[in-house]
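Shown below: upload28.json, with JSON, C-alpha atoms and all ligand atoms.
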[["chain", "number", "residue", "atom", "x", "y", "z"],
["M", 75, "MET", "CA", -4.32, 3.01, 4.46],
["M", 76, "THR", "CA", -0.97, 4.74, 4.84],
["M", 77, "ILE", "CA", 1.76, 2.14, 5.27],
["M", 78, "THR", "CA", 4.62, 3.11, 7.57],
["M", 79, "GLY", "CA", 8.29, 2.16, 7.47],
["M", 80, "THR", "CA", 7.82, 0.41, 10.80],
["M", 81, "GLN", "CA", 5.08, -1.78, 9.33],
["M", 82, "ILE", "CA", 7.34, -2.70, 6.40],
["M", 83, "SER", "CA", 10.04, -3.68, 8.89],
["M", 84, "TYR", "CA", 7.61, -5.76, 10.97],
["M", 85, "LEU", "CA", 6.29, -7.54, 7.86],
["M", 86, "HIS", "CA", 9.84, -8.84, 7.45],
["M", 87, "THR", "CA", 10.20, -9.70, 11.13],
["M", 88, "CYS", "CA", 6.94, -11.18, 12.39],
["M", 89, "ARG", "CA", 3.38, -10.95, 11.10],
["M", 90, "ARG", "CA", 1.99, -11.21, 14.61],
["M", 91, "LYS", "CA", 4.06, -8.19, 15.64],
["M", 92, "LEU", "CA", 2.80, -6.33, 12.59],
["M", 93, "TRP", "CA", -0.80, -7.12, 13.51],
["M", 94, "LEU", "CA", -0.38, -6.20, 17.21],
["M", 95, "PHE", "CA", 1.43, -2.95, 16.45],
["M", 96, "SER", "CA", -1.02, -1.93, 13.72],
["M", 97, "ASN", "CA", -4.04, -2.68, 15.86],
["M", 98, "GLN", "CA", -2.79, -0.31, 18.56],
["M", 99, "ILE", "CA", -1.61, -2.96, 21.00],
["M", 100, "GLN", "CA", 1.67, -1.30, 21.90],
["M", 101, "MET", "CA", 4.01, -1.99, 24.79],
["M", 102, "GLU", "CA", 5.03, 1.58, 25.55],
["M", 103, "GLN", "CA", 7.31, 0.87, 28.49],
["M", 104, "THR", "CA", 9.54, -1.55, 26.65],
["M", 105, "SER", "CA", 9.07, -0.11, 23.20],
["M", 106, "GLU", "CA", 11.97, -0.90, 20.88],
["M", 107, "VAL", "CA", 11.19, 2.33, 19.08],
["M", 108, "VAL", "CA", 11.97, 4.24, 22.29],
["M", 109, "ALA", "CA", 15.17, 2.22, 22.74],
["M", 110, "ASP", "CA", 16.19, 2.89, 19.14],
["M", 111, "GLY", "CA", 15.53, 6.59, 19.59],
["M", 112, "LYS", "CA", 17.70, 6.69, 22.68],
["M", 113, "PHE", "CA", 20.41, 4.72, 20.91],
["M", 114, "ILE", "CA", 20.41, 7.09, 17.94],
["M", 115, "GLY", "CA", 20.53, 10.04, 20.31],
["M", 116, "ASP", "CA", 23.65, 8.53, 21.86],
["M", 117, "THR", "CA", 25.46, 8.02, 18.56],
["M", 118, "THR", "CA", 27.70, 10.36, 16.66],
["M", 119, "TYR", "CA", 24.83, 11.80, 14.60],
["M", 120, "GLU", "CA", 24.31, 14.40, 17.28],
["M", 121, "GLN", "CA", 27.75, 15.81, 16.51],
["M", 122, "ARG", "CA", 27.14, 16.18, 12.78],
["M", 123, "PRO", "CA", 23.61, 17.51, 12.42],
["M", 124, "GLY", "CA", 24.41, 20.12, 9.77],
["M", 125, "LYS", "CA", 24.74, 17.59, 6.98],
["M", 126, "TYR", "CA", 21.30, 16.07, 7.44],
["M", 127, "ILE", "CA", 17.73, 17.21, 7.25],
["M", 128, "GLN", "CA", 14.65, 15.49, 8.59],
["M", 129, "VAL", "CA", 12.08, 14.49, 5.99],
["M", 130, "GLU", "CA", 8.52, 13.67, 6.92],
["M", 131, "LEU", "CA", 6.20, 12.17, 4.31],
["M", 132, "PRO", "CA", 3.03, 10.08, 4.64],
["M", 133, "GLY", "CA", 4.07, 6.96, 6.55],
["M", 134, "VAL", "CA", 7.75, 7.76, 6.88],
["M", 135, "LYS", "CA", 9.89, 10.01, 9.00],
["M", 136, "ILE", "CA", 13.50, 10.02, 7.86],
["M", 137, "ASP", "CA", 15.69, 11.54, 10.53],
["M", 138, "PHE", "CA", 18.91, 11.75, 8.56],
["M", 139, "TYR", "CA", 18.58, 12.62, 4.89],
["M", 140, "ASP", "CA", 21.65, 13.99, 3.16],
["M", 141, "ALA", "CA", 19.88, 16.18, 0.60],
["M", 142, "LYS", "CA", 23.10, 17.23, -1.12],
["M", 143, "GLU", "CA", 24.14, 13.66, -1.92],
["M", 144, "GLY", "CA", 20.61, 12.21, -2.01],
["M", 145, "VAL", "CA", 21.43, 9.60, 0.62],
["M", 146, "VAL", "CA", 19.18, 8.23, 3.35],
["M", 147, "HIS", "CA", 21.05, 7.25, 6.52],
["M", 148, "GLU", "CA", 19.46, 4.88, 8.97],
["M", 149, "THR", "CA", 21.17, 3.77, 12.18],
["M", 150, "LYS", "CA", 20.26, 0.56, 14.00],
["M", 151, "ARG", "CA", 21.46, -1.09, 17.17],
["M", 152, "SER", "CA", 22.05, -4.56, 15.79],
["M", 153, "ALA", "CA", 22.30, -6.22, 12.39],
["M", 154, "LYS", "CA", 20.31, -9.25, 13.55],
["M", 155, "MET", "CA", 17.23, -8.05, 11.68],
["M", 156, "GLU", "CA", 19.17, -6.74, 8.72],
["M", 157, "GLN", "CA", 16.69, -7.99, 6.10],
["M", 158, "ALA", "CA", 13.91, -6.05, 7.84],
["M", 159, "HIS", "CA", 16.12, -2.95, 8.05],
["M", 160, "ILE", "CA", 17.00, -3.21, 4.35],
["M", 161, "ALA", "CA", 13.30, -3.49, 3.46],
["M", 162, "GLN", "CA", 12.55, -0.42, 5.59],
["M", 163, "VAL", "CA", 15.24, 1.69, 3.89],
["M", 164, "LYS", "CA", 14.10, 0.52, 0.44],
["M", 165, "TYR", "CA", 10.63, 1.70, 1.42],
["M", 166, "TYR", "CA", 12.03, 5.10, 2.45],
["M", 167, "LEU", "CA", 13.72, 5.41, -0.94],
["M", 168, "TYR", "CA", 10.49, 4.39, -2.65],
["M", 169, "VAL", "CA", 8.34, 6.91, -0.77],
["M", 170, "LEU", "CA", 10.86, 9.67, -1.48],
["M", 171, "GLU", "CA", 10.74, 8.78, -5.16],
["M", 172, "GLN", "CA", 6.93, 8.70, -5.15],
["M", 173, "ASN", "CA", 6.98, 12.22, -3.74],
["M", 174, "GLY", "CA", 9.37, 13.56, -6.36],
["M", 175, "ILE", "CA", 12.46, 13.65, -4.14],
["M", 176, "ALA", "CA", 15.52, 12.27, -5.83],
["M", 177, "ALA", "CA", 17.30, 9.83, -3.54],
["M", 178, "ASN", "CA", 20.30, 7.91, -4.87],
["M", 179, "TYR", "CA", 20.66, 5.20, -2.27],
["M", 180, "GLY", "CA", 20.50, 4.43, 1.44],
["M", 181, "ILE", "CA", 23.11, 3.56, 4.03],
["M", 182, "LEU", "CA", 22.36, 1.34, 6.99],
["M", 183, "GLU", "CA", 24.76, 1.90, 9.84],
["M", 184, "TYR", "CA", 25.42, -0.38, 12.79],
["M", 185, "PRO", "CA", 27.91, 1.67, 14.83],
["M", 186, "THR", "CA", 28.35, -0.86, 17.62],
["M", 187, "GLN", "CA", 29.31, -3.53, 15.07],
["M", 188, "ARG", "CA", 31.26, -1.12, 12.85],
["M", 189, "HIS", "CA", 29.20, -2.33, 9.94],
["M", 190, "THR", "CA", 27.54, -0.37, 7.14],
["M", 191, "GLU", "CA", 25.41, -1.61, 4.27],
["M", 192, "ARG", "CA", 24.49, 0.23, 1.10],
["M", 193, "VAL", "CA", 20.84, -0.12, 0.07],
["M", 194, "ASP", "CA", 19.64, 0.46, -3.50],
["M", 195, "LEU", "CA", 16.13, 0.56, -4.88],
["M", 196, "THR", "CA", 15.71, -1.61, -7.98],
["M", 197, "ASP", "CA", 12.79, -2.11, -10.36],
["M", 198, "GLU", "CA", 12.19, -5.49, -8.71],
["M", 199, "ASP", "CA", 11.99, -3.74, -5.35],
["M", 200, "ARG", "CA", 9.42, -1.29, -6.68],
["M", 201, "VAL", "CA", 7.17, -4.19, -7.69],
["M", 202, "ALA", "CA", 7.84, -6.02, -4.41],
["M", 203, "ILE", "CA", 7.01, -2.95, -2.32],
["M", 204, "GLU", "CA", 3.57, -2.70, -3.91],
["M", 205, "SER", "CA", 2.93, -6.34, -2.98],
["M", 206, "TRP", "CA", 4.26, -5.77, 0.57],
["M", 207, "LYS", "CA", 1.73, -2.95, 0.97],
["M", 208, "LEU", "CA", -1.14, -5.21, -0.10],
["M", 209, "GLU", "CA", 0.11, -7.98, 2.19],
["M", 210, "ILE", "CA", 0.27, -5.58, 5.15],
["M", 211, "GLU", "CA", -3.29, -4.41, 4.52],
["M", 212, "GLU", "CA", -4.47, -8.04, 4.38],
["M", 213, "ILE", "CA", -2.68, -9.05, 7.61],
["M", 214, "VAL", "CA", -3.68, -5.95, 9.57],
["M", 215, "GLY", "CA", -7.32, -6.37, 8.52],
["M", 216, "ARG", "CA", -7.54, -9.92, 9.87],
["M", 217, "GLU", "CA", -9.90, -10.45, 12.78],
["M", 218, "ALA", "CA", -7.50, -12.75, 14.58],
["M", 219, "CYS", "CA", -3.93, -12.09, 15.57],
["M", 220, "PRO", "CA", -1.44, -14.33, 13.68],
["M", 221, "PRO", "CA", 0.19, -17.06, 15.82],
["M", 222, "VAL", "CA", 3.45, -16.74, 17.75],
["M", 223, "ILE", "CA", 6.52, -17.68, 15.74],
["M", 224, "ASN", "CA", 8.83, -19.10, 18.45],
["M", 225, "LYS", "CA", 12.04, -17.56, 17.15],
["M", 226, "PRO", "CA", 15.14, -16.85, 19.24],
["M", 227, "PHE", "CA", 14.68, -13.10, 18.64],
["M", 228, "CYS", "CA", 11.28, -13.23, 20.38],
["M", 229, "LYS", "CA", 13.20, -12.74, 23.65],
["M", 230, "GLN", "CA", 14.24, -9.25, 22.49],
["M", 231, "CYS", "CA", 10.76, -8.32, 21.25],
["M", 232, "SER", "CA", 8.67, -5.84, 23.23],
["M", 233, "TYR", "CA", 5.69, -8.25, 22.89],
["M", 234, "PHE", "CA", 7.54, -11.19, 24.43],
["M", 235, "ASP", "CA", 5.60, -11.20, 27.71],
["M", 236, "PHE", "CA", 2.33, -10.64, 25.86],
["M", 237, "CYS", "CA", 3.00, -13.52, 23.45],
["M", 238, "TYR", "CA", 4.38, -16.08, 25.86],
["M", 239, "VAL", "CA", 2.45, -15.37, 29.04],
["M", 240, "GLY", "CA", 1.39, -18.63, 30.70],
["M", 241, "GLU", "CA", 3.94, -20.79, 28.89],
["M", 301, "LIG", "S1", 7.45, -12.11, 20.70],
["M", 301, "LIG", "FE1", 7.87, -13.24, 18.80],
["M", 301, "LIG", "S2", 5.84, -13.97, 18.15],
["M", 301, "LIG", "FE2", 5.52, -12.32, 19.61],
["M", 301, "LIG", "S3", 5.31, -10.49, 18.36],
["M", 301, "LIG", "FE3", 7.44, -10.61, 19.02],
["M", 301, "LIG", "S4", 8.48, -11.64, 17.35],
["M", 301, "LIG", "FE4", 6.30, -12.03, 17.08]]

Would you mind writing the file's structure down as structure tokens?
Ligand code: SF4
Amino acid sequence: MTITGTQISYLHTCRRKLWLFSNQIQMEQTSEVVADGKFIGDTTYEQRPGKYIQVELPGVKIDFYDAKEGVVHETKRSAKMEQAHIAQVKYYLYVLEQNGIAANYGILEYPTQRHTERVDLTDEDRVAIESWKLEIEEIVGREACPPVINKPFCKQCSYFDFCYVGE
């Protein structure tokens, strides 16, 4: 099973979301991925495309890789899920490394909050990522969808109506 960066992010957000997404139950109309794509299209990256290349490897599509400096740039709308974003960028760095592409570090950017965060890949992360992959396979392979988690951020989730219908 090829693990994607999105699945790594969802593992650190909500296991139910991971299961729903991975089992092809996707809310296209309200997809956060679509919203993120639009947001990134609206940011300054469009004005500085020359510096970055797009890298596509099994499971990951990195839109802004600075090959000269070996830096992965990832832009997000809000830092609320920062731990999930950090995990996702660490996974990008890991997959690049596994494919023989030297990446030095990642930068998470939150333009609306004027916040950036450097992300490094450590030996501990390399071990953790292998266990995340196994955990994802276990969760996705379950017959039943994991329960709702009743967190405040559920209101911003594209599965909100699906999860809380009838409540
Ligand atoms: S609405 Fe909440 S419980 Fe449902 S998938 Fe999203 S984060 Fe998980």

Given only C-alpha atoms and all ligand atoms, how would the per-residue table for chain M near ligand LIG 301 (chain M) read, listing every residue at most 10 Å away with its closest atom pair and distance in Å to one decimal, sorted by chain and number, as JSON lines?
{"residue": "M:Tyr84", "atom": "CA", "partner": "M:LIG301", "partner_atom": "S4", "distance": 8.7}
{"residue": "M:Thr87", "atom": "CA", "partner": "M:LIG301", "partner_atom": "S4", "distance": 6.7}
{"residue": "M:Cys88", "atom": "CA", "partner": "M:LIG301", "partner_atom": "FE4", "distance": 4.8}
{"residue": "M:Arg89", "atom": "CA", "partner": "M:LIG301", "partner_atom": "FE4", "distance": 6.7}
{"residue": "M:Arg90", "atom": "CA", "partner": "M:LIG301", "partner_atom": "FE4", "distance": 5.0}
{"residue": "M:Lys91", "atom": "CA", "partner": "M:LIG301", "partner_atom": "S3", "distance": 3.8}
{"residue": "M:Leu92", "atom": "CA", "partner": "M:LIG301", "partner_atom": "S3", "distance": 7.5}
{"residue": "M:Trp93", "atom": "CA", "partner": "M:LIG301", "partner_atom": "S3", "distance": 8.5}
{"residue": "M:Leu94", "atom": "CA", "partner": "M:LIG301", "partner_atom": "S3", "distance": 7.2}
{"residue": "M:Phe95", "atom": "CA", "partner": "M:LIG301", "partner_atom": "S3", "distance": 8.7}
{"residue": "M:Cys219", "atom": "CA", "partner": "M:LIG301", "partner_atom": "S3", "distance": 9.8}
{"residue": "M:Pro220", "atom": "CA", "partner": "M:LIG301", "partner_atom": "S2", "distance": 8.6}
{"residue": "M:Pro221", "atom": "CA", "partner": "M:LIG301", "partner_atom": "S2", "distance": 6.8}
{"residue": "M:Val222", "atom": "CA", "partner": "M:LIG301", "partner_atom": "S2", "distance": 3.7}
{"residue": "M:Ile223", "atom": "CA", "partner": "M:LIG301", "partner_atom": "S2", "distance": 4.5}
{"residue": "M:Asn224", "atom": "CA", "partner": "M:LIG301", "partner_atom": "S2", "distance": 5.9}
{"residue": "M:Lys225", "atom": "CA", "partner": "M:LIG301", "partner_atom": "FE1", "distance": 6.2}
{"residue": "M:Pro226", "atom": "CA", "partner": "M:LIG301", "partner_atom": "FE1", "distance": 8.1}
{"residue": "M:Phe227", "atom": "CA", "partner": "M:LIG301", "partner_atom": "S4", "distance": 6.5}
{"residue": "M:Cys228", "atom": "CA", "partner": "M:LIG301", "partner_atom": "FE1", "distance": 3.8}
{"residue": "M:Lys229", "atom": "CA", "partner": "M:LIG301", "partner_atom": "S1", "distance": 6.5}
{"residue": "M:Gln230", "atom": "CA", "partner": "M:LIG301", "partner_atom": "S1", "distance": 7.6}
{"residue": "M:Cys231", "atom": "CA", "partner": "M:LIG301", "partner_atom": "FE3", "distance": 4.6}
{"residue": "M:Ser232", "atom": "CA", "partner": "M:LIG301", "partner_atom": "FE3", "distance": 6.5}
{"residue": "M:Tyr233", "atom": "CA", "partner": "M:LIG301", "partner_atom": "S1", "distance": 4.8}
{"residue": "M:Phe234", "atom": "CA", "partner": "M:LIG301", "partner_atom": "S1", "distance": 3.8}
{"residue": "M:Asp235", "atom": "CA", "partner": "M:LIG301", "partner_atom": "S1", "distance": 7.3}
{"residue": "M:Phe236", "atom": "CA", "partner": "M:LIG301", "partner_atom": "FE2", "distance": 7.2}
{"residue": "M:Cys237", "atom": "CA", "partner": "M:LIG301", "partner_atom": "FE2", "distance": 4.7}
{"residue": "M:Tyr238", "atom": "CA", "partner": "M:LIG301", "partner_atom": "S1", "distance": 7.2}

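Among the candidates M:Thr196, M:Gln128, M:Ser96, M:Thr78, the residue lying nearest to Val169 (chain M) is M:Thr78 (atoms considered: all atoms listed in the file).
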
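When all atoms listed in the file are used to compute distances to Asp194 (chain M), the closest of the residues M:Val146, M:Ile213, M:Ser152, M:Ile175 turns out to be M:Val146.
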
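Pairwise distance (CA of Pro132 (chain M), CA of Arg200 (chain M)) equals 17.3 Å.
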
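CA of Thr80 (chain M) is positioned 13.6 Å from CA of Glu211 (chain M).
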
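From CA of Leu208 (chain M) back to CA of Thr76 (chain M), the distance works out to 11.1 Å.
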
Name the residues in contact with Glu191 (chain M) at a cut-off of 7 Å, using all atoms listed in the file, excluding same-chain residues fewer than 4 positions from it; report them as an MDAnalysis selection string. chainID M and resid 181:183

Could you take the residues named above and write them with C-alpha atoms, as a PDB file, in the frame of the given file?
ATOM      1  CA  ILE M 181      23.110   3.560   4.030  1.00  0.00           C
ATOM      2  CA  LEU M 182      22.360   1.340   6.990  1.00  0.00           C
ATOM      3  CA  GLU M 183      24.760   1.900   9.840  1.00  0.00           C
TER       4      GLU M 183
END

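Minimum atom-to-atom distance to Ala161 (chain M), evaluated using only C-alpha atoms, belongs to M:Ile203 out of M:Ile99, M:Ile77, M:Val214, M:Ile203.
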
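Ranking M:Ala177, M:Thr149, M:Ser205, M:Lys164 by their shortest atom-to-atom distance to His189 (chain M), with only C-alpha atoms included, puts M:Thr149 first.
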
With only C-alpha atoms as the counted atoms, please give the residues lying no more than 12 Å from Asn173 (chain M), apart from itself and same-chain residues fewer than 4 positions off, as a ChimeraX atom specification. /M:129-134,166-169,177

Tell me which protein, DNA and RNA residues are within 8 Å of His159 (chain M), counting only C-alpha atoms, leaving out same-chain ones fewer than 3 positions away, and put them as a VMD selection string. chain M and resid 83 155 to 156 162 to 163 182
